[in-house]
Structure formats: C-alpha cells, structure tokens
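K.L.:
Here you go, this is upload-v3.tsv (TSV, C-alpha atoms).
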chain	number	residue	atom	x	y	z
A	22	MET	CA	128.68	80.18	92.67
A	23	GLY	CA	127.11	81.26	89.39
A	24	GLY	CA	128.30	81.49	85.81
A	25	ALA	CA	125.25	79.62	84.53
A	26	VAL	CA	124.31	82.33	82.02
A	27	SER	CA	126.17	84.82	79.84
A	28	ALA	CA	126.99	88.26	81.15
A	29	GLY	CA	124.78	91.14	80.08
A	30	GLU	CA	125.65	94.64	78.94
A	31	ASP	CA	123.03	96.02	81.30
A	32	ASN	CA	120.39	94.85	83.77
A	33	ASP	CA	117.76	94.09	81.11
A	34	GLU	CA	120.16	91.97	79.06
A	35	LEU	CA	121.10	90.01	82.19
A	36	ILE	CA	117.41	89.32	82.82
A	37	ASP	CA	116.94	88.29	79.19
A	38	ASN	CA	119.72	85.74	79.63
A	39	LEU	CA	118.21	84.42	82.87
A	40	LYS	CA	114.86	84.02	81.12
A	41	GLU	CA	116.39	82.24	78.15
A	42	ALA	CA	118.12	79.81	80.52
A	43	GLN	CA	114.81	79.22	82.36
A	44	TYR	CA	116.01	80.57	85.70
A	45	ILE	CA	113.31	83.23	85.56
A	46	ARG	CA	110.00	81.61	84.64
A	47	SER	CA	107.19	83.83	85.96
A	48	GLU	CA	106.08	87.32	85.03
A	49	LEU	CA	106.05	88.61	88.63
A	50	VAL	CA	109.66	87.57	89.19
A	51	GLU	CA	110.74	89.04	85.85
A	52	GLN	CA	109.10	92.38	86.65
A	53	ALA	CA	110.82	92.53	90.04
A	54	PHE	CA	114.24	91.77	88.55
A	55	ARG	CA	113.83	94.37	85.82
A	56	ALA	CA	112.60	97.01	88.25
A	57	ILE	CA	115.74	96.99	90.40
A	58	ASP	CA	119.16	97.47	88.83
A	59	ARG	CA	121.60	95.00	90.34
A	60	ALA	CA	124.48	97.45	89.81
A	61	ASP	CA	122.93	99.86	92.32
A	62	TYR	CA	123.87	97.42	95.09
A	63	TYR	CA	127.55	97.26	94.15
A	64	LEU	CA	130.29	99.57	95.34
A	65	GLU	CA	131.18	102.01	92.59
A	66	GLU	CA	134.59	100.48	91.84
A	67	PHE	CA	133.10	97.02	91.26
A	68	LYS	CA	130.07	97.88	89.11
A	69	GLU	CA	131.63	96.56	85.91
A	70	ASN	CA	130.95	93.05	87.27
A	71	ALA	CA	127.33	93.70	88.25
A	72	TYR	CA	125.77	92.03	85.19
A	73	LYS	CA	127.82	88.86	85.32
A	74	ASP	CA	126.22	85.73	86.70
A	75	LEU	CA	128.66	85.61	89.59
A	76	ALA	CA	128.55	86.09	93.33
A	77	TRP	CA	130.31	89.18	94.70
A	78	LYS	CA	131.90	89.75	98.11
A	79	HIS	CA	133.79	92.68	99.53
A	80	GLY	CA	134.45	92.67	103.25
A	81	ASN	CA	131.14	91.79	104.90
A	82	ILE	CA	129.11	92.86	101.85
A	83	HIS	CA	127.91	89.95	99.74
A	84	LEU	CA	125.62	89.32	96.78
A	85	SER	CA	124.70	85.87	95.50
A	86	ALA	CA	124.83	85.10	91.77
A	87	PRO	CA	121.78	86.22	89.74
A	88	CYS	CA	120.90	82.62	88.85
A	89	ILE	CA	120.67	81.78	92.59
A	90	TYR	CA	118.43	84.75	93.35
A	91	SER	CA	116.25	83.77	90.37
A	92	GLU	CA	115.74	80.24	91.69
A	93	VAL	CA	115.06	81.58	95.19
A	94	MET	CA	112.43	84.06	93.97
A	95	GLU	CA	110.69	81.41	91.88
A	96	ALA	CA	110.76	78.83	94.69
A	97	LEU	CA	109.28	81.28	97.23
A	98	ASP	CA	106.10	81.58	95.12
A	99	LEU	CA	105.51	85.14	96.33
A	100	GLN	CA	102.08	86.74	96.32
A	101	PRO	CA	100.79	90.16	97.41
A	102	GLY	CA	100.00	90.48	101.11
A	103	LEU	CA	102.32	87.71	102.37
A	104	SER	CA	104.85	88.06	105.19
A	105	PHE	CA	108.53	87.48	104.38
A	106	LEU	CA	111.59	86.96	106.58
A	107	ASN	CA	115.07	87.20	105.05
A	108	LEU	CA	117.78	85.63	107.23
A	109	GLY	CA	121.13	87.10	106.26
A	110	SER	CA	119.50	89.98	104.41
A	111	GLY	CA	122.82	91.51	103.33
A	112	THR	CA	122.60	94.47	100.93
A	113	GLY	CA	118.79	94.34	100.81
A	114	TYR	CA	118.75	93.59	97.07
A	115	LEU	CA	116.62	90.46	97.43
A	116	SER	CA	114.37	92.02	100.08
A	117	SER	CA	113.65	95.00	97.82
A	118	MET	CA	112.70	92.76	94.89
A	119	VAL	CA	110.43	90.76	97.21
A	120	GLY	CA	108.86	94.01	98.44
A	121	LEU	CA	107.75	94.89	94.90
A	122	ILE	CA	105.65	91.72	94.82
A	123	LEU	CA	104.31	91.76	98.39
A	124	GLY	CA	102.68	95.15	97.94
A	125	PRO	CA	101.45	97.59	100.60
A	126	PHE	CA	99.76	94.97	102.80
A	127	GLY	CA	102.72	92.61	103.04
A	128	VAL	CA	105.38	92.25	105.74
A	129	ASN	CA	109.06	92.42	104.80
A	130	HIS	CA	111.69	91.81	107.52
A	131	GLY	CA	115.40	91.12	107.33
A	132	VAL	CA	118.00	90.00	109.88
A	133	GLU	CA	121.68	90.73	109.19
A	134	LEU	CA	124.63	89.67	111.35
A	135	HIS	CA	126.91	92.63	110.56
A	136	SER	CA	125.90	96.14	111.60
A	137	ASP	CA	127.90	97.78	108.78
A	138	VAL	CA	126.00	95.70	106.21
A	139	THR	CA	122.67	96.63	107.84
A	140	GLU	CA	123.62	100.28	107.45
A	141	TYR	CA	124.66	99.68	103.84
A	142	ALA	CA	121.28	98.04	103.12
A	143	LYS	CA	119.41	101.00	104.62
A	144	GLN	CA	121.39	103.42	102.46
A	145	LYS	CA	120.63	101.40	99.32
A	146	LEU	CA	116.96	101.23	100.24
A	147	ASP	CA	116.85	105.01	100.72
A	148	PHE	CA	118.56	105.49	97.34
A	149	PHE	CA	116.01	103.22	95.64
A	150	ILE	CA	113.05	105.06	97.17
A	151	ARG	CA	114.43	108.50	96.26
A	152	THR	CA	115.67	107.84	92.74
A	153	SER	CA	114.03	104.81	91.13
A	154	ASP	CA	111.07	105.09	88.77
A	155	SER	CA	110.07	101.61	89.91
A	156	PHE	CA	109.12	102.95	93.32
A	157	ASP	CA	106.29	104.91	91.67
A	158	LYS	CA	105.24	102.05	89.38
A	159	PHE	CA	104.83	99.42	92.12
A	160	ASP	CA	103.02	99.22	95.44
A	161	PHE	CA	106.11	98.66	97.54
A	162	CYS	CA	106.40	96.77	100.82
A	163	GLU	CA	109.38	98.53	102.36
A	164	PRO	CA	111.84	96.16	104.07
A	165	SER	CA	112.80	96.63	107.73
A	166	PHE	CA	116.28	95.46	108.71
A	167	VAL	CA	117.61	94.58	112.17
A	168	THR	CA	121.08	93.51	113.24
A	169	GLY	CA	121.67	90.20	115.01
A	170	ASN	CA	122.31	86.50	114.62
A	171	CYS	CA	119.38	84.81	112.87
A	172	LEU	CA	119.83	81.77	115.11
A	173	GLU	CA	118.90	83.91	118.12
A	174	ILE	CA	115.48	85.18	117.08
A	175	SER	CA	113.20	85.67	120.05
A	176	PRO	CA	110.94	82.62	120.50
A	177	ASP	CA	107.86	84.82	120.86
A	178	CYS	CA	108.24	86.32	117.38
A	179	SER	CA	105.51	85.86	114.78
A	180	GLN	CA	105.73	83.17	112.15
A	181	TYR	CA	106.02	84.03	108.47
A	182	ASP	CA	104.47	82.93	105.17
A	183	ARG	CA	107.84	82.90	103.41
A	184	VAL	CA	111.35	82.51	104.85
A	185	TYR	CA	114.71	82.56	103.07
A	186	CYS	CA	118.13	81.93	104.59
A	187	GLY	CA	121.15	83.21	102.65
A	188	ALA	CA	123.75	81.09	104.43
A	189	GLY	CA	124.40	77.37	104.59
A	190	VAL	CA	122.17	75.75	107.23
A	191	GLN	CA	123.60	72.88	109.24
A	192	LYS	CA	121.36	69.87	109.71
A	193	GLU	CA	121.02	70.55	113.44
A	194	HIS	CA	119.38	73.92	112.71
A	195	GLU	CA	116.77	72.59	110.26
A	196	GLU	CA	114.01	72.30	112.87
A	197	TYR	CA	114.73	75.79	114.15
A	198	MET	CA	114.27	77.18	110.64
A	199	LYS	CA	111.03	75.28	110.21
A	200	SER	CA	109.67	76.75	113.44
A	201	LEU	CA	109.70	80.22	111.84
A	202	LEU	CA	107.16	79.14	109.23
A	203	LYS	CA	103.37	79.31	109.24
A	204	VAL	CA	101.28	76.36	108.12
A	205	GLY	CA	101.06	76.63	104.34
A	206	GLY	CA	104.30	78.60	104.26
A	207	ILE	CA	107.48	78.05	102.23
A	208	LEU	CA	111.07	77.98	103.49
A	209	VAL	CA	113.97	78.18	101.02
A	210	MET	CA	117.53	77.62	102.27
A	211	PRO	CA	120.86	75.97	101.41
A	212	LEU	CA	120.75	72.67	103.31
A	213	GLU	CA	123.56	70.12	102.97
A	214	GLU	CA	124.92	71.76	99.79
A	215	LYS	CA	121.50	71.82	98.09
A	216	LEU	CA	119.17	74.77	97.68
A	217	THR	CA	116.09	73.28	99.32
A	218	LYS	CA	112.41	74.21	99.30
A	219	ILE	CA	110.37	73.09	102.32
A	220	THR	CA	106.60	73.59	102.40
A	221	ARG	CA	104.73	73.32	105.69
A	222	THR	CA	101.59	71.40	104.76
A	223	GLY	CA	100.34	70.95	108.34
A	224	PRO	CA	101.27	71.58	111.99
A	225	SER	CA	103.83	68.77	111.77
A	226	ALA	CA	103.76	67.85	108.09
A	227	TRP	CA	106.34	68.95	105.53
A	228	GLU	CA	107.19	68.54	101.87
A	229	THR	CA	110.82	68.86	100.83
A	230	LYS	CA	112.21	69.49	97.36
A	231	LYS	CA	115.86	69.80	96.36
A	232	ILE	CA	116.25	72.55	93.74
A	233	LEU	CA	119.93	72.61	92.76
A	234	ALA	CA	123.43	72.11	94.12
A	235	VAL	CA	124.91	75.22	95.72
A	236	SER	CA	127.87	76.28	97.81
A	237	PHE	CA	127.16	78.79	100.60
A	238	ALA	CA	129.23	79.92	103.56
A	239	PRO	CA	127.76	78.30	106.71
A	240	LEU	CA	125.73	80.12	109.33
A	241	ILE	CA	127.85	81.65	112.05
A	242	GLN	CA	127.11	80.17	115.44
A	243	PRO	CA	125.86	82.53	118.17
A	244	CYS	CA	128.33	83.96	120.67
A	245	GLN	CA	127.21	84.18	124.27
A	246	SER	CA	127.42	87.48	126.05
A	247	GLU	CA	129.55	88.07	129.14
A	248	SER	CA	126.58	87.15	131.30
A	249	GLY	CA	126.37	83.81	129.52
A	250	LYS	CA	122.98	84.62	127.96
A	251	SER	CA	122.12	84.80	124.30
A	252	ARG	CA	121.38	88.17	122.71
A	253	LEU	CA	117.84	87.61	121.48
A	254	VAL	CA	116.94	89.30	118.21
A	255	GLN	CA	113.68	91.24	118.38
A	256	LEU	CA	112.00	91.46	115.01
A	257	PRO	CA	109.95	94.54	114.08
A	258	PRO	CA	106.35	94.40	115.33
A	259	LEU	CA	103.56	93.65	112.86
A	260	ALA	CA	102.06	97.12	112.82
A	261	VAL	CA	98.38	97.75	112.05
A	262	ARG	CA	97.84	100.21	109.21
A	263	SER	CA	96.42	103.60	110.20
A	264	LEU	CA	93.35	105.01	108.48
A	265	GLN	CA	95.58	107.64	106.89
A	266	ASP	CA	97.84	104.91	105.50
A	267	LEU	CA	94.90	102.98	104.09
A	268	ALA	CA	93.52	106.13	102.47
A	269	ARG	CA	96.91	106.91	100.92
A	270	ILE	CA	97.21	103.38	99.53
A	271	ALA	CA	93.68	103.53	98.07
A	272	ILE	CA	94.28	106.93	96.44
A	273	ARG	CA	97.63	105.83	95.07
A	274	GLY	CA	96.07	102.69	93.63
A	275	THR	CA	93.30	104.67	91.94
A	276	ILE	CA	95.76	107.13	90.40
A	277	LYS	CA	97.90	104.27	89.08
A	278	LYS	CA	94.86	102.65	87.46
A	279	VAL	CA	93.90	105.92	85.77
A	280	ILE	CA	97.44	106.44	84.48
A	281	HIS	CA	97.58	102.85	83.25
A	282	GLN	CA	94.25	103.18	81.46
A	283	GLU	CA	95.37	106.40	79.79
A	284	ALA	CA	98.53	104.66	78.60
A	285	VAL	CA	96.48	101.74	77.23
A	286	ASN	CA	94.11	104.11	75.43
A	287	LYS	CA	97.01	106.08	73.99
A	288	ASN	CA	98.52	102.92	72.56
A	289	GLY	CA	95.21	101.99	70.98
A	290	ASN	CA	94.61	98.90	73.12
A	291	GLY	CA	91.10	98.70	74.43
A	292	LEU	CA	90.41	102.20	73.18
A	293	LYS	CA	87.17	103.54	74.53
A	294	ASN	CA	84.86	105.89	72.64
A	295	THR	CA	85.93	109.36	73.66
A	296	PRO	CA	83.67	112.43	73.36
A	297	ARG	CA	83.83	113.91	69.89
A	298	PHE	CA	84.45	117.61	69.59
A	299	LYS	CA	83.44	119.69	66.58
A	300	ARG	CA	86.39	120.87	64.60
A	301	ARG	CA	86.27	124.60	64.21
A	302	ARG	CA	86.56	125.75	60.63
A	303	VAL	CA	88.42	128.94	59.91
A	304	ARG	CA	86.59	131.29	57.56
A	305	ARG	CA	89.03	133.02	55.26
A	306	ARG	CA	88.28	136.39	53.69
A	307	ARG	CA	88.48	136.91	49.95
A	308	LEU	CA	91.48	138.86	48.80
A	309	GLU	CA	90.27	142.00	46.99
A	310	THR	CA	92.73	143.90	44.78
A	311	ILE	CA	92.31	147.29	43.08
A	312	VAL	CA	94.64	147.95	40.17
A	313	PHE	CA	95.33	151.51	38.91
A	314	LEU	CA	96.04	151.84	35.18
A	315	ASP	CA	97.02	155.38	34.21
A	316	LYS	CA	94.12	157.64	35.33
A	317	GLU	CA	91.41	155.05	35.22
A	318	VAL	CA	90.53	152.51	37.78
A	319	PHE	CA	90.39	148.85	36.89
A	320	ALA	CA	88.71	146.76	39.59
A	321	SER	CA	89.55	143.09	39.80
A	322	ARG	CA	88.94	140.35	42.35
A	323	ILE	CA	91.74	137.85	42.78
A	324	SER	CA	90.53	134.74	44.57
A	325	ASN	CA	92.49	133.20	47.45
A	326	PRO	CA	93.10	129.43	46.95
A	327	SER	CA	91.15	128.86	50.12
A	328	ASP	CA	88.05	130.57	48.76
A	329	ASP	CA	86.55	127.24	47.78
A	330	ASN	CA	86.68	126.16	51.41
A	331	SER	CA	85.52	129.45	52.83
A	332	SER	CA	82.49	129.56	50.56
A	333	GLY	CA	81.40	126.17	51.84
A	334	ASP	CA	79.08	125.46	54.70
A	335	LEU	CA	80.21	126.42	58.20
A	336	GLU	CA	79.50	123.99	60.97
A	337	GLU	CA	78.16	125.14	64.29
A	338	ALA	CA	77.59	123.42	67.61
A	339	GLY	CA	74.67	121.06	67.40
A	340	GLY	CA	75.48	120.07	63.85
A	341	LYS	CA	73.57	122.95	62.18
A	342	LYS	CA	74.98	124.53	59.08
A	343	ARG	CA	74.78	128.03	57.70
A	344	ARG	CA	76.00	129.63	54.52
A	345	PRO	CA	78.29	132.65	54.70
A	346	PRO	CA	76.71	135.95	53.59
A	347	HIS	CA	77.73	137.14	50.13
A	348	ARG	CA	79.29	140.58	50.11
A	349	THR	CA	79.93	142.68	46.99
A	350	PRO	CA	82.72	145.20	47.40
A	351	SER	CA	81.93	148.80	46.53
A	352	LEU	CA	84.48	150.36	44.26
A	353	SER	CA	84.36	154.00	43.17
A	354	PRO	CA	86.79	155.77	40.88
A	355	ARG	CA	88.93	158.57	42.16
Show me the file's structure as structure tokens.
P.N.:
Amino acid sequence: MGGAVSAGEDNDELIDNLKEAQYIRSELVEQAFRAIDRADYYLEEFKENAYKDLAWKHGNIHLSAPCIYSEVMEALDLQPGLSFLNLGSGTGYLSSMVGLILGPFGVNHGVELHSDVTEYAKQKLDFFIRTSDSFDKFDFCEPSFVTGNCLEISPDCSQYDRVYCGAGVQKEHEEYMKSLLKVGGILVMPLEEKLTKITRTGPSAWETKKILAVSFAPLIQPCQSESGKSRLVQLPPLAVRSLQDLARIAIRGTIKKVIHQEAVNKNGNGLKNTPRFKRRRVRRRRLETIVFLDKEVFASRISNPSDDNSSGDLEEAGGKKRRPPHRTPSLSPR
C-alpha cells in the first residue's frame, strides 16, 4: 500500500510531497512528521527506502506507507492532553509522532502482538529521546508499550479519547473496538478494506466516515492458553502526576517560552524595546613628534587622524558631556 506521492531525498522532502498531495493538511501533523525522521525506524540495510511512499516489512517489523500514516494522523484530530491507544503499535513510529502532539498531560499506550517488535519499539524510543533535537523542542508524551493480542484487552481497562488499529478489523470485532472509546472519542481503523473513521457521539450513537481504500493484513485471532483461558492484556495504569513532575513540566515550559521569545526578538519579529546602553567612546592621545635637525631642535606636532574625534565631546553616564582638557607639551632644547 502506498506510492501515492513521489519519493523524497530526505524526510523533509517526503513531507513536502505529502503536503503537496494534500495528505498532510494541518500544521500540528506537519510538525510531528518533520520532527521524527522516518529512516530512524528502519533497519540500517533498508534505509535507502525510508523516504518512499511505500509500506515496509521485515520479519515481524512493519511500517505502513507515509500516505496512510498521514491520513490516520489527520483523521484522529489529535489535541494536547488526550488519551491515545495504538493497537498493533509496531515500531512505535506513529505513537512517537502522536506523543509530540499530546504533550505532557496526555496518555500514550500501545499494544503489540510480537515481543521482539515491542523490544524494537522501546529501543527506537530510547534512541529518539537520547539523540533527537525534537525531544527538547516539544512537550513529549512518552509512549508505553505492552505485548499481547489487542483483542484480549482486559474488560476493566479505561476507555480512550483516540484509538487506532493498524491491522484489518473483521466486521465481528467492530463492536469490540468501539467499546474502547470514550463518548466524544474517535476510532480510526481498516474496516472491510476501507480506512474508516468512527466518532462516538453518545453512549450508543456513532458517526462513520470512509476515508480511503486500503489493504491491511487482518488481525490475528487470540490463541487460548493450555488452561483454556484467554491471556488478558493489562494496559499501563493511568498514573497521577507527582508534584515534582508538575514542577518540572512548568519550569520546562517557561524555559521554552523564554527561548522562543529570544529567537523571535533576534529575528526582528515582535521586537521589544530593549534597554539602551551608552556606547563608550575611546579617547585617543595626540601623537607628538620631536624632530632633530643638526644641533637644533625643531618641535612639530603631527596630528593623528582620530584627533578630530578625540577632541569632540565625551559622553558620560546620565547623558552629560564634558570637553577634554587641552594640554600643551613642554619642549626644551638639549
């Protein structure tokens, strides 16, 4: 799936192409896509394909085409502070982009079927946090990943504001997916070969919109354990922020605002009146030269080109001016 836009030479050119083709339509989504380099989620030997609008799969590792992720991000209508559940979270690429929008007060959970892919996603997340400039530029909602079948989520788990499923959902699982959603929430998933957006408008009221035709591998059905019982997936708890965390977030936000304002002022946009400092003038001494001609002394004063400036008024703090004292050199013959 993919191939809707031209390949880019780098991540920014890929995003430019997605914008031109109207897959990316909002500023928040564009910023998230530009902040995270898609190539960072590829294995080294496959990175030459990272900026093509194509899906990529190697073993259990899978990335959807950029045009698909663009439509998903736009359809989710993400806002700071929302809770997000990613079913089939894979490499964590989508979850990390979502985390840049959710901010420090959001919730960002992912469920992945394969334990090796969960480990891969955690490694990529750690790499992003340690090395990316974007981590410092955004208030990041760090994703939490768990391993398990997304069709076996514990029934006592919390509901979410936004839910995405990255595998084809069979019609018989549609109601299950809807049950994960809060009232007012949005669910995006491939349903019957169409990327579908479902909005929960009431306790039992829904609005459905078909976005585009897609082809996804279907959800894998749960396998029962030896005891005949399902292995319920326990999602991370919704932790309450500590006072220390809240203080850190507030300080970080203040510092970012100061840095942003300094950058704006430096660029001349919205420049505020800054305190004016008196420029210190340097007083230059006159160059005095004594010339010896035979046994007599000939005294001459050769002016420095800066004499005109040095003979001018000197400015002091407070705006007062004073004239330099006039000195006459004393010359005596030898």
K.L.:
Mind checking which residues fall within 12 Å of region 281-289 of chain A, counting all atoms listed in the file, ignoring those fewer than 6 positions away in the same chain, and posting them as a PyMOL selection string?
P.N.:
chain A and resi 158-159+274-275+295
K.L.:
Could you dump the residues just selected with C-alpha atoms as a PDB file, keeping the file's coordinate frame?
P.N.:
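File selection_32.pdb, as written:
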ATOM      1  CA  LYS A 158     105.240 102.050  89.380  1.00  0.00           C
ATOM      2  CA  PHE A 159     104.830  99.420  92.120  1.00  0.00           C
ATOM      3  CA  GLY A 274      96.070 102.690  93.630  1.00  0.00           C
ATOM      4  CA  THR A 275      93.300 104.670  91.940  1.00  0.00           C
ATOM      5  CA  THR A 295      85.930 109.360  73.660  1.00  0.00           C
TER       6      THR A 295
END
K.L.:
Which distance in Å separates CA of Lys218 (chain A) and CA of Gln43 (chain A), to one decimal?
P.N.:
17.8 Å
K.L.:
In Å to one decimal, how far is CA of Phe161 (chain A) from CA of Ile57 (chain A)?
P.N.:
12.1 Å
K.L.:
Can you work out which one of A:Leu253, A:Gly102, A:Ser117, A:Val93 has the shortest atom-to-atom distance to Cys171 (chain A), counting all atoms listed in the file?
P.N.:
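Of all the options, A:Leu253 lies closest to Cys171 (chain A).
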K.L.:
Provide the CA of Leu39 (chain A) to CA of Ala76 (chain A) distance in Å, to one decimal place.
P.N.:
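Computing the Euclidean distance for CA of Leu39 (chain A) and CA of Ala76 (chain A) yields 14.8 Å.
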K.L.:
List as a ChimeraX atom specification the protein and nucleic acid residues near Arg273 (chain A), meaning an atom at most 12 Å away when only C-alpha atoms are counted, but skip any in the same chain fewer than 3 places from it.
P.N.:
/A:125,156-161,266-270,276-280
K.L.:
Deliver the residues from the most recent selection as a file, using C-alpha atoms, as a PDB file, in the coordinates of the input.
P.N.:
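Saved result, result.pdb, follows:
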ATOM      1  CA  PRO A 125     101.450  97.590 100.600  1.00  0.00           C
ATOM      2  CA  PHE A 156     109.120 102.950  93.320  1.00  0.00           C
ATOM      3  CA  ASP A 157     106.290 104.910  91.670  1.00  0.00           C
ATOM      4  CA  LYS A 158     105.240 102.050  89.380  1.00  0.00           C
ATOM      5  CA  PHE A 159     104.830  99.420  92.120  1.00  0.00           C
ATOM      6  CA  ASP A 160     103.020  99.220  95.440  1.00  0.00           C
ATOM      7  CA  PHE A 161     106.110  98.660  97.540  1.00  0.00           C
ATOM      8  CA  ASP A 266      97.840 104.910 105.500  1.00  0.00           C
ATOM      9  CA  LEU A 267      94.900 102.980 104.090  1.00  0.00           C
ATOM     10  CA  ALA A 268      93.520 106.130 102.470  1.00  0.00           C
ATOM     11  CA  ARG A 269      96.910 106.910 100.920  1.00  0.00           C
ATOM     12  CA  ILE A 270      97.210 103.380  99.530  1.00  0.00           C
ATOM     13  CA  ILE A 276      95.760 107.130  90.400  1.00  0.00           C
ATOM     14  CA  LYS A 277      97.900 104.270  89.080  1.00  0.00           C
ATOM     15  CA  LYS A 278      94.860 102.650  87.460  1.00  0.00           C
ATOM     16  CA  VAL A 279      93.900 105.920  85.770  1.00  0.00           C
ATOM     17  CA  ILE A 280      97.440 106.440  84.480  1.00  0.00           C
TER      18      ILE A 280
END
K.L.:
Return the single residue from A:Arg221, A:Gln242, A:Ser236, A:Ser91 that is closest to His194 (chain A), with distances computed using only C-alpha atoms.
P.N.:
A:Gln242
